[in-house]
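S.K.: Okay, here's the structure, questions in a sec.
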Amino acid sequence: MLIDKMDQKKTVCPTVWSQLATPLFKDLDRRMIAGLNGSMWFGTLHTTHHLRTVFNDTGHGAEMQCSTILQNLHDIAIHEGHLPERFTIGADNTRKETKNQITMWFLIWLLCTLQHTVLSSIEVMFLLVGHTHNKVDRFFSRIAVALAGRDYFTVPGMLAKVQHHLIYCETRSGHLGQTWKWKDMLNLDKVCPMHNLDPVHHFKFSRSNGIYMQWKQWCTDDGWTKPLLVLHADAMCELEAFRPEPNAMQFPNEQVMLDWVDRFEAWCAGHPSGEYKNLHAECAWLKAAISHTAPGVYAPGLSVNVVIEALQNMPGQRPDITPTHAPTSLPPDIITQLFPGADIVPIPAESLVRIEGITHTKGGKAIRSAIICPGSLLVVRVQGTVVHKQHIPFLVATAVETSSRHWRHKHVAVVWHIPQLA
């Protein structure tokens, strides 16, 4: 199951296109603003396009995006009848919303919470800055055409027009009625701060006796970094038990917005004929939405436990087996990778991201592994060694793959790098 991209546009509700020049409709601060958070889905049988409306009763940032991802996954999984084994998300290359440590640890939390389901891998890809005209952008352009020149007074009325005029696709819709405080997860002891996420455009999280993290600089790169254990198996239960508190869903100027609806209703009463008469039901819905008493998905209060329990009980749960460690192997062209012949040496992917307590200390100093394995670079102090009539105080070697018997007896076969005369 793949989300191609999540994009957000804004629309105004209610919109009366023929009267936008009047003073009543010029003040956007008094009117309800509905954002559209759209996504496209691949690998699904019954879902291709999805829209989720967002009011300005919540902040826009990582917590909104994490809440949207969770509710979208819940909605599509319920509609499809199963969870995916691999969940791939394509998102905007935006640090404020998705490319940050809050989103990364949210995805790790999701794998921990759904550890007894078939979902075992989550990938998130970021398109380059300045991209445009992809499938989701074209989808939003069709939405703009479907709404252009047409009046709508409520969010359900707007979505009905979208579904009526977009006849080439079936669009599912929902509303972000509740967001949660995912940022509080960073205060847990097992959560390590992540830095330098900007140069990375593809992340992968996998569950195998713990949560492993990999990344690569560009989505088109051939190889991933070695699997990095960011959360031990015994710490997964602690992270799984985390449940974020709900954010207070409240408009910053609720009473001003209610007063505007009263003025709009009085304005409509001055038009006894035409399309602006008999809008009492629409005005009542607007007041209920502003007061968070509208029926259905528009009222806040959705619990994370309700969403998670529904996902955990999806068909096709994972059998109760003991997972194994993520496989690691020595690349066959390790010497070529260590000593490339190109003039511009690529940046090692392992050095792009810093995770405090795992790859670096809190002060930013790299943590060197004390484990010697095939492919490890070794600096060996030597005495009395002469190369080309020169005394050498140390030599550099690479550990190579040998039989397991040698490793059990702590015997390491190496390839020496003999310096040239220079």
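Residues in the structure tokens are named by chain (A, B, ... in the order shown) and by number from 1 within that chain; ligands are numbered from 1 in the order shown.
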So which residues touch range 100-103 of chain A within 10 Å, counting only C-alpha atoms, skipping near sequence neighbours fewer than 3 positions away, as a PDB file with C-alpha atoms, in the first residue's frame?

M.R.:
```
ATOM      1  CA  GLY A  61       2.853  21.022  11.482  1.00  0.00           C
ATOM      2  CA  ALA A  62       4.230  17.610  12.384  1.00  0.00           C
ATOM      3  CA  GLU A  63       1.461  16.746  14.857  1.00  0.00           C
ATOM      4  CA  GLN A  65       0.603  15.375   9.629  1.00  0.00           C
ATOM      5  CA  CYS A  66       1.139  12.418  11.990  1.00  0.00           C
ATOM      6  CA  SER A  67      -2.518  12.516  12.997  1.00  0.00           C
ATOM      7  CA  ILE A  69      -1.301   9.669   8.409  1.00  0.00           C
ATOM      8  CA  THR A  94       9.121  20.048   4.209  1.00  0.00           C
ATOM      9  CA  ARG A  95      10.893  20.111   7.563  1.00  0.00           C
ATOM     10  CA  LYS A  96       7.948  21.705   9.370  1.00  0.00           C
ATOM     11  CA  GLU A  97       5.462  18.948   8.530  1.00  0.00           C
ATOM     12  CA  PHE A 106       5.802   8.441  15.139  1.00  0.00           C
ATOM     13  CA  LEU A 107       6.470   5.856  12.409  1.00  0.00           C
ATOM     14  CA  ILE A 108       8.651   3.857  14.831  1.00  0.00           C
ATOM     15  CA  TRP A 109       5.829   4.051  17.405  1.00  0.00           C
ATOM     16  CA  VAL A 124       8.935   7.541   3.650  1.00  0.00           C
ATOM     17  CA  TRP A 182       2.990  13.536  19.234  1.00  0.00           C
ATOM     18  CA  LYS A 183       5.785  15.899  20.243  1.00  0.00           C
ATOM     19  CA  ASP A 184       5.502  14.613  23.825  1.00  0.00           C
ATOM     20  CA  MET A 185       6.939  11.308  22.614  1.00  0.00           C
ATOM     21  CA  LEU A 186      10.362  12.971  22.340  1.00  0.00           C
ATOM     22  CA  VAL A 191      13.589   8.148  22.245  1.00  0.00           C
ATOM     23  CA  CYS A 192      16.908   9.516  20.960  1.00  0.00           C
ATOM     24  CA  PRO A 193      17.068  12.914  19.220  1.00  0.00           C
ATOM     25  CA  MET A 194      17.658  12.761  15.467  1.00  0.00           C
ATOM     26  CA  HIS A 195      19.594  15.421  13.569  1.00  0.00           C
ATOM     27  CA  ASN A 196      20.683  16.158   9.988  1.00  0.00           C
ATOM     28  CA  LEU A 197      17.586  14.729   8.327  1.00  0.00           C
ATOM     29  CA  ASP A 198      17.616  17.366   5.569  1.00  0.00           C
ATOM     30  CA  ILE A 355      20.947   9.994  16.399  1.00  0.00           C
TER      31      ILE A 355
END
```

S.K.: Which residue gives the smallest distance to Leu176 in chain A among A:Val54, A:Met158, A:Leu147, A:Leu229, with only C-alpha atoms counted?

M.R.: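 The shortest atom-to-atom distance to Leu176 in chain A comes from A:Val54.
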
S.K.: In terms of the shortest atom-to-atom distance over only C-alpha atoms, which of A:Asp57, A:Glu350, A:Glu356, A:Asp137 is closest to Pro199 in chain A?

M.R.: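 Answer, going by the shortest atom-to-atom distance: A:Glu350.
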
S.K.: Counting only C-alpha atoms, figure out which residue out of A:Glu265, A:Pro244, A:His175, A:Arg207 gets nearest to Asn187 in chain A.

M.R.: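 With only C-alpha atoms as the atom set, the closest residue is A:Pro244.
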
S.K.: Find the residues near Leu395 in chain A: any atom within 10 Å, counting only C-alpha atoms, skip ones fewer than 3 places away on the same chain, and give them as a PyMOL selection string.

M.R.: chain A and resi 378-382+385+392+416-419

S.K.: Please provide as a PyMOL selection string all residues within 12 Å of Leu352 in chain A, with the sequence filter that same-chain residues fewer than 4 positions apart are discarded (counting only C-alpha atoms).

M.R.: chain A and resi 194-203+214-218+225+346-348+359-360+366

S.K.: Convert the current residue selection to file output with C-alpha atoms, as a CSV table (one decimal), in the first residue's frame.

M.R.:
```
chain,number,residue,atom,x,y,z
A,194,MET,CA,17.7,12.8,15.5
A,195,HIS,CA,19.6,15.4,13.6
A,196,ASN,CA,20.7,16.2,10.0
A,197,LEU,CA,17.6,14.7,8.3
A,198,ASP,CA,17.6,17.4,5.6
A,199,PRO,CA,20.1,15.7,3.1
A,200,VAL,CA,18.3,12.4,3.2
A,201,HIS,CA,15.4,11.7,0.9
A,202,HIS,CA,14.4,8.1,1.6
A,203,PHE,CA,14.0,6.5,5.0
A,214,GLN,CA,18.0,2.7,7.2
A,215,TRP,CA,18.3,5.7,4.8
A,216,LYS,CA,19.9,6.8,1.6
A,217,GLN,CA,20.6,10.3,0.3
A,218,TRP,CA,18.5,10.1,-2.9
A,225,THR,CA,22.9,2.1,4.8
A,346,PRO,CA,30.0,10.6,-2.7
A,347,ILE,CA,29.0,11.3,0.9
A,348,PRO,CA,28.8,8.1,2.9
A,359,THR,CA,25.4,7.1,16.3
A,360,HIS,CA,26.7,10.2,18.1
A,366,ALA,CA,30.6,10.0,16.6
```

S.K.: A:Arg243, A:Arg368, A:Arg31, A:His391: which is nearest Ser303 in chain A, counting only C-alpha atoms?

M.R.: A:Arg243

S.K.: What does the distance between CA of Thr58 in chain A and CA of Pro252 in chain A come to in Å, to one decimal place?

M.R.: 9.2 Å

S.K.: Identify all residues of range 37-279 of chain A in helix (DSSP H, G or I) (DSSP on the backbone) and supply them as a ChimeraX atom specification.

M.R.: /A:62-80,101-113,135-147,155-165,182-187,233-240,254-269

S.K.: Enumerate the residues of range 136-247 of chain A with a DSSP assignment of strand (DSSP E), computed from the backbone, and present them as a PyMOL selection string.

M.R.: chain A and resi 171-175+194-195+202-207+210-216+228-232
